[in-house]
Amino acid sequence: MIFNAAPRKKLIQKNNKVAKPHINDYPAFFSKYINLIDASDLQTTVTAYSHPLTYFFVNIPEEKGDHAYAPGKWTIKDLLQHVIDTERIMSYRLLCIARGEQTALPGFEEDAYAASAEASKRSFISLKEELIAVRKSTDLLIQSLTEEQLNNRGTSNNKSTTANALGFIIFGHIMHHKKIVEERYL
């Protein structure tokens with residue numbers, strides 16, 4: 001599998017440059033992710049971060065897939081499956097809240113998901129292909145949203161958040177795990 005090094009053309013909805021979220025727009029826990037993103041708005045975030053983050057993960061050498069930096073820690077395959085699962089969940093929340101859903105959305109237990117995912121039984125290339133598909137899907141969703149939709153507020157995991165904040169959280173989460181891979185796995 002080859003991941004094209006050229007960034008995709010922008011398909012951004014006109015007039016949807018909603019500013020970086022304020023602390024009141026998301027649960028405080030997510031500050032650690034949002035603070036990793038140095039962009040003024042979500043559309044700029046997609047343009048600046050999507051391709052480099054995807055490129056980083058899909059170009060991790062095949063022989064590193066089953067590597068864990070310490071006993072009992074996730075392998076890179078486990079970590080990549082976690083990134084994929086989390087992005088899917090967060091993009092679902094983003095979609096629901098952007099569309100005006102008022103029903104509270106459930107939380108999820110990342111360690112339980114990781115334990116039942118059985119990433120070790122998958123090929124590393126299949127995980128990389130899935131990451132590319134999920135990332136593209138998330139980017140297209142974000143790029144389709146209007147300012148009004150990004151400013152919608154809803155509840156997930158019993159906490160109030162905006163659709164815009166969820167977009168930043170998605171990118172901050174993958175950036176967080178990129179840093180972990182760089183520091184501990186490679």
# chains A, B, ... in the order shown; residues from 1 in each chain; ligands from 1

$ select_by_dssp --residues "region 118-186 of chain A" --states "strand (DSSP E)" --output "JSON list (two decimals) with N, CA and C atoms, in the first residue's frame"
[["chain", "number", "residue", "atom", "x", "y", "z"],
["A", 153, "ARG", "N", -24.46, 22.60, 20.04],
["A", 153, "ARG", "CA", -24.02, 22.04, 21.32],
["A", 153, "ARG", "C", -24.87, 20.82, 21.66],
["A", 154, "GLY", "N", -24.22, 19.81, 22.20],
["A", 154, "GLY", "CA", -24.92, 18.61, 22.62],
["A", 154, "GLY", "C", -24.23, 17.99, 23.82],
["A", 155, "THR", "N", -24.63, 16.77, 24.15],
["A", 155, "THR", "CA", -24.09, 16.09, 25.32],
["A", 155, "THR", "C", -23.52, 14.74, 24.92],
["A", 156, "SER", "N", -22.29, 14.50, 25.30],
["A", 156, "SER", "CA", -21.69, 13.18, 25.12],
["A", 156, "SER", "C", -20.95, 12.83, 26.40],
["A", 159, "LYS", "N", -21.39, 15.14, 29.33],
["A", 159, "LYS", "CA", -20.73, 16.45, 29.32],
["A", 159, "LYS", "C", -21.17, 17.23, 28.10],
["A", 160, "SER", "N", -21.31, 18.53, 28.27],
["A", 160, "SER", "CA", -21.69, 19.42, 27.17],
["A", 160, "SER", "C", -20.48, 19.70, 26.28],
["A", 161, "THR", "N", -20.71, 19.70, 24.97],
["A", 161, "THR", "CA", -19.65, 19.98, 24.01],
["A", 161, "THR", "C", -20.26, 20.52, 22.72],
["A", 162, "THR", "N", -19.43, 21.18, 21.93],
["A", 162, "THR", "CA", -19.87, 21.64, 20.61],
["A", 162, "THR", "C", -19.31, 20.70, 19.55]]

$ select_by_dssp --residues "region 45-185 of chain A" --states "helix (DSSP H, G or I)" --output "VMD selection string"
chain A and resid 45 to 58 62 to 64 76 to 98 110 to 117 119 to 121 124 to 144 147 to 151 163 to 185

$ write_last_selection --atoms "C-alpha atoms" --output "tab-separated table (two decimals), in the first residue's frame"
chain	number	residue	atom	x	y	z
A	45	THR	CA	-6.85	22.27	11.19
A	46	VAL	CA	-8.07	19.83	8.52
A	47	THR	CA	-5.85	21.47	5.91
A	48	ALA	CA	-2.75	21.67	8.11
A	49	TYR	CA	-2.94	18.43	10.10
A	50	SER	CA	-4.89	15.76	8.26
A	51	HIS	CA	-2.35	14.71	5.68
A	52	PRO	CA	0.79	14.88	7.89
A	53	LEU	CA	-0.86	12.86	10.68
A	54	THR	CA	-2.19	10.20	8.32
A	55	TYR	CA	1.13	10.06	6.47
A	56	PHE	CA	3.01	9.55	9.74
A	57	PHE	CA	0.95	6.56	10.84
A	58	VAL	CA	0.74	4.78	7.48
A	62	GLU	CA	5.79	-3.00	9.00
A	63	GLU	CA	8.20	-4.63	11.45
A	64	LYS	CA	7.14	-2.16	14.18
A	76	ILE	CA	1.61	-0.07	17.71
A	77	LYS	CA	-1.18	-2.16	16.15
A	78	ASP	CA	-3.21	-1.80	19.36
A	79	LEU	CA	-2.51	1.91	19.47
A	80	LEU	CA	-3.50	2.37	15.83
A	81	GLN	CA	-6.74	0.43	16.40
A	82	HIS	CA	-7.44	2.69	19.39
A	83	VAL	CA	-6.87	5.79	17.24
A	84	ILE	CA	-9.27	4.42	14.61
A	85	ASP	CA	-11.95	3.44	17.15
A	86	THR	CA	-11.73	6.77	18.95
A	87	GLU	CA	-11.93	8.77	15.75
A	88	ARG	CA	-15.00	6.80	14.67
A	89	ILE	CA	-16.70	7.43	17.99
A	90	MET	CA	-15.78	11.11	18.08
A	91	SER	CA	-16.82	11.67	14.47
A	92	TYR	CA	-20.17	10.01	15.22
A	93	ARG	CA	-20.60	12.39	18.13
A	94	LEU	CA	-19.58	15.28	15.86
A	95	LEU	CA	-22.18	14.22	13.27
A	96	CYS	CA	-24.94	13.84	15.84
A	97	ILE	CA	-24.30	17.17	17.53
A	98	ALA	CA	-23.82	19.01	14.23
A	110	GLU	CA	-11.07	2.71	25.73
A	111	ASP	CA	-9.33	-0.17	27.51
A	112	ALA	CA	-12.36	-2.46	27.03
A	113	TYR	CA	-12.51	-1.56	23.34
A	114	ALA	CA	-8.78	-2.20	22.94
A	115	ALA	CA	-9.00	-5.56	24.72
A	116	SER	CA	-11.83	-6.80	22.49
A	117	ALA	CA	-10.49	-5.36	19.21
A	119	ALA	CA	-5.63	-5.85	16.72
A	120	SER	CA	-2.80	-8.37	17.02
A	121	LYS	CA	-4.74	-10.74	14.75
A	124	PHE	CA	-0.63	-3.95	9.99
A	125	ILE	CA	-1.47	-2.93	6.43
A	126	SER	CA	-5.19	-3.53	7.03
A	127	LEU	CA	-5.07	-1.18	10.01
A	128	LYS	CA	-3.29	1.44	7.93
A	129	GLU	CA	-5.89	1.14	5.17
A	130	GLU	CA	-8.68	1.50	7.72
A	131	LEU	CA	-7.02	4.59	9.18
A	132	ILE	CA	-6.85	6.20	5.73
A	133	ALA	CA	-10.57	5.50	5.17
A	134	VAL	CA	-11.64	6.77	8.59
A	135	ARG	CA	-9.47	9.90	8.32
A	136	LYS	CA	-10.85	10.73	4.88
A	137	SER	CA	-14.41	10.19	6.07
A	138	THR	CA	-13.90	12.47	9.06
A	139	ASP	CA	-12.30	15.18	6.93
A	140	LEU	CA	-15.16	15.10	4.43
A	141	LEU	CA	-17.70	15.31	7.25
A	142	ILE	CA	-15.97	18.32	8.81
A	143	GLN	CA	-15.60	20.04	5.45
A	144	SER	CA	-19.32	19.64	4.76
A	147	GLU	CA	-20.75	27.47	10.94
A	148	GLU	CA	-24.17	26.97	12.47
A	149	GLN	CA	-23.71	23.20	12.55
A	150	LEU	CA	-20.21	23.47	14.03
A	151	ASN	CA	-21.57	25.75	16.76
A	163	ALA	CA	-19.44	19.94	17.26
A	164	ASN	CA	-16.50	22.27	16.60
A	165	ALA	CA	-14.76	21.17	19.80
A	166	LEU	CA	-15.18	17.53	18.80
A	167	GLY	CA	-13.40	18.24	15.53
A	168	PHE	CA	-10.44	19.71	17.40
A	169	ILE	CA	-10.48	16.80	19.86
A	170	ILE	CA	-10.25	14.31	16.98
A	171	PHE	CA	-7.12	15.97	15.65
A	172	GLY	CA	-5.62	16.54	19.10
A	173	HIS	CA	-6.15	12.90	20.02
A	174	ILE	CA	-4.32	11.59	16.97
A	175	MET	CA	-1.55	14.18	17.53
A	176	HIS	CA	-1.25	12.98	21.15
A	177	HIS	CA	-0.71	9.41	19.96
A	178	LYS	CA	1.73	10.50	17.25
A	179	LYS	CA	3.88	12.04	19.99
A	180	ILE	CA	3.68	8.86	22.05
A	181	VAL	CA	4.80	6.76	19.08
A	182	GLU	CA	7.70	9.13	18.36
A	183	GLU	CA	8.84	9.18	22.01
A	184	ARG	CA	8.31	5.54	23.02
A	185	TYR	CA	8.01	3.28	20.00

$ atom_distance --atom1 "CA of Lys17 (chain A)" --atom2 "CA of Gly100 (chain A)"
18.9 Å

$ decode --residues "region 29-162 of chain A" --atoms "C-alpha atoms" --output "compact mmCIF listing (two decimals), in the first residue's frame"
# COMPACT_ATOMS: atom_id res chain seq x y z
CA PHE A 29 -10.25 16.79 30.21
CA PHE A 30 -9.97 17.42 26.46
CA SER A 31 -7.83 20.55 26.86
CA LYS A 32 -4.74 18.34 26.58
CA TYR A 33 -5.79 17.41 23.05
CA ILE A 34 -7.12 20.75 21.87
CA ASN A 35 -3.97 22.51 23.09
CA LEU A 36 -1.87 20.34 20.76
CA ILE A 37 -3.51 21.93 17.73
CA ASP A 38 -1.99 25.20 16.57
CA ALA A 39 -4.72 26.41 14.23
CA SER A 40 -7.25 29.22 14.45
CA ASP A 41 -10.23 27.22 13.16
CA LEU A 42 -11.31 23.69 12.30
CA GLN A 43 -11.02 24.07 8.52
CA THR A 44 -7.42 25.24 8.88
CA THR A 45 -6.85 22.27 11.19
CA VAL A 46 -8.07 19.83 8.52
CA THR A 47 -5.85 21.47 5.91
CA ALA A 48 -2.75 21.67 8.11
CA TYR A 49 -2.94 18.43 10.10
CA SER A 50 -4.89 15.76 8.26
CA HIS A 51 -2.35 14.71 5.68
CA PRO A 52 0.79 14.88 7.89
CA LEU A 53 -0.86 12.86 10.68
CA THR A 54 -2.19 10.20 8.32
CA TYR A 55 1.13 10.06 6.47
CA PHE A 56 3.01 9.55 9.74
CA PHE A 57 0.95 6.56 10.84
CA VAL A 58 0.74 4.78 7.48
CA ASN A 59 4.51 5.04 7.05
CA ILE A 60 5.45 3.33 10.29
CA PRO A 61 7.57 0.34 9.20
CA GLU A 62 5.79 -3.00 9.00
CA GLU A 63 8.20 -4.63 11.45
CA LYS A 64 7.14 -2.16 14.18
CA GLY A 65 3.47 -3.23 14.13
CA ASP A 66 3.75 -5.76 16.96
CA HIS A 67 6.22 -3.69 18.99
CA ALA A 68 5.31 -2.58 22.52
CA TYR A 69 7.70 -0.24 24.33
CA ALA A 70 7.27 -2.12 27.64
CA PRO A 71 5.62 -5.32 28.90
CA GLY A 72 1.86 -4.90 29.26
CA LYS A 73 1.71 -1.81 27.02
CA TRP A 74 -0.17 -1.61 23.75
CA THR A 75 1.61 -2.58 20.57
CA ILE A 76 1.61 -0.07 17.71
CA LYS A 77 -1.18 -2.16 16.15
CA ASP A 78 -3.21 -1.80 19.36
CA LEU A 79 -2.51 1.91 19.47
CA LEU A 80 -3.50 2.37 15.83
CA GLN A 81 -6.74 0.43 16.40
CA HIS A 82 -7.44 2.69 19.39
CA VAL A 83 -6.87 5.79 17.24
CA ILE A 84 -9.27 4.42 14.61
CA ASP A 85 -11.95 3.44 17.15
CA THR A 86 -11.73 6.77 18.95
CA GLU A 87 -11.93 8.77 15.75
CA ARG A 88 -15.00 6.80 14.67
CA ILE A 89 -16.70 7.43 17.99
CA MET A 90 -15.78 11.11 18.08
CA SER A 91 -16.82 11.67 14.47
CA TYR A 92 -20.17 10.01 15.22
CA ARG A 93 -20.60 12.39 18.13
CA LEU A 94 -19.58 15.28 15.86
CA LEU A 95 -22.18 14.22 13.27
CA CYS A 96 -24.94 13.84 15.84
CA ILE A 97 -24.30 17.17 17.53
CA ALA A 98 -23.82 19.01 14.23
CA ARG A 99 -27.21 17.69 13.10
CA GLY A 100 -28.86 18.96 16.28
CA GLU A 101 -29.21 15.70 18.21
CA GLN A 102 -30.42 16.43 21.73
CA THR A 103 -30.24 12.87 23.06
CA ALA A 104 -27.22 12.38 25.31
CA LEU A 105 -24.57 10.28 23.58
CA PRO A 106 -22.84 7.49 25.53
CA GLY A 107 -19.23 7.39 26.64
CA PHE A 108 -16.90 4.47 25.95
CA GLU A 109 -14.22 2.62 27.85
CA GLU A 110 -11.07 2.71 25.73
CA ASP A 111 -9.33 -0.17 27.51
CA ALA A 112 -12.36 -2.46 27.03
CA TYR A 113 -12.51 -1.56 23.34
CA ALA A 114 -8.78 -2.20 22.94
CA ALA A 115 -9.00 -5.56 24.72
CA SER A 116 -11.83 -6.80 22.49
CA ALA A 117 -10.49 -5.36 19.21
CA GLU A 118 -7.87 -8.11 18.79
CA ALA A 119 -5.63 -5.85 16.72
CA SER A 120 -2.80 -8.37 17.02
CA LYS A 121 -4.74 -10.74 14.75
CA ARG A 122 -4.93 -8.15 11.98
CA SER A 123 -2.31 -7.27 9.44
CA PHE A 124 -0.63 -3.95 9.99
CA ILE A 125 -1.47 -2.93 6.43
CA SER A 126 -5.19 -3.53 7.03
CA LEU A 127 -5.07 -1.18 10.01
CA LYS A 128 -3.29 1.44 7.93
CA GLU A 129 -5.89 1.14 5.17
CA GLU A 130 -8.68 1.50 7.72
CA LEU A 131 -7.02 4.59 9.18
CA ILE A 132 -6.85 6.20 5.73
CA ALA A 133 -10.57 5.50 5.17
CA VAL A 134 -11.64 6.77 8.59
CA ARG A 135 -9.47 9.90 8.32
CA LYS A 136 -10.85 10.73 4.88
CA SER A 137 -14.41 10.19 6.07
CA THR A 138 -13.90 12.47 9.06
CA ASP A 139 -12.30 15.18 6.93
CA LEU A 140 -15.16 15.10 4.43
CA LEU A 141 -17.70 15.31 7.25
CA ILE A 142 -15.97 18.32 8.81
CA GLN A 143 -15.60 20.04 5.45
CA SER A 144 -19.32 19.64 4.76
CA LEU A 145 -20.46 21.43 7.92
CA THR A 146 -21.65 25.02 8.17
CA GLU A 147 -20.75 27.47 10.94
CA GLU A 148 -24.17 26.97 12.47
CA GLN A 149 -23.71 23.20 12.55
CA LEU A 150 -20.21 23.47 14.03
CA ASN A 151 -21.57 25.75 16.76
CA ASN A 152 -24.30 23.26 17.75
CA ARG A 153 -24.02 22.04 21.32
CA GLY A 154 -24.92 18.61 22.62
CA THR A 155 -24.09 16.09 25.32
CA SER A 156 -21.69 13.18 25.12
CA ASN A 157 -20.50 11.11 28.04
CA ASN A 158 -22.70 13.31 30.27
CA LYS A 159 -20.73 16.45 29.32
CA SER A 160 -21.69 19.42 27.17
CA THR A 161 -19.65 19.98 24.01
CA THR A 162 -19.87 21.64 20.61
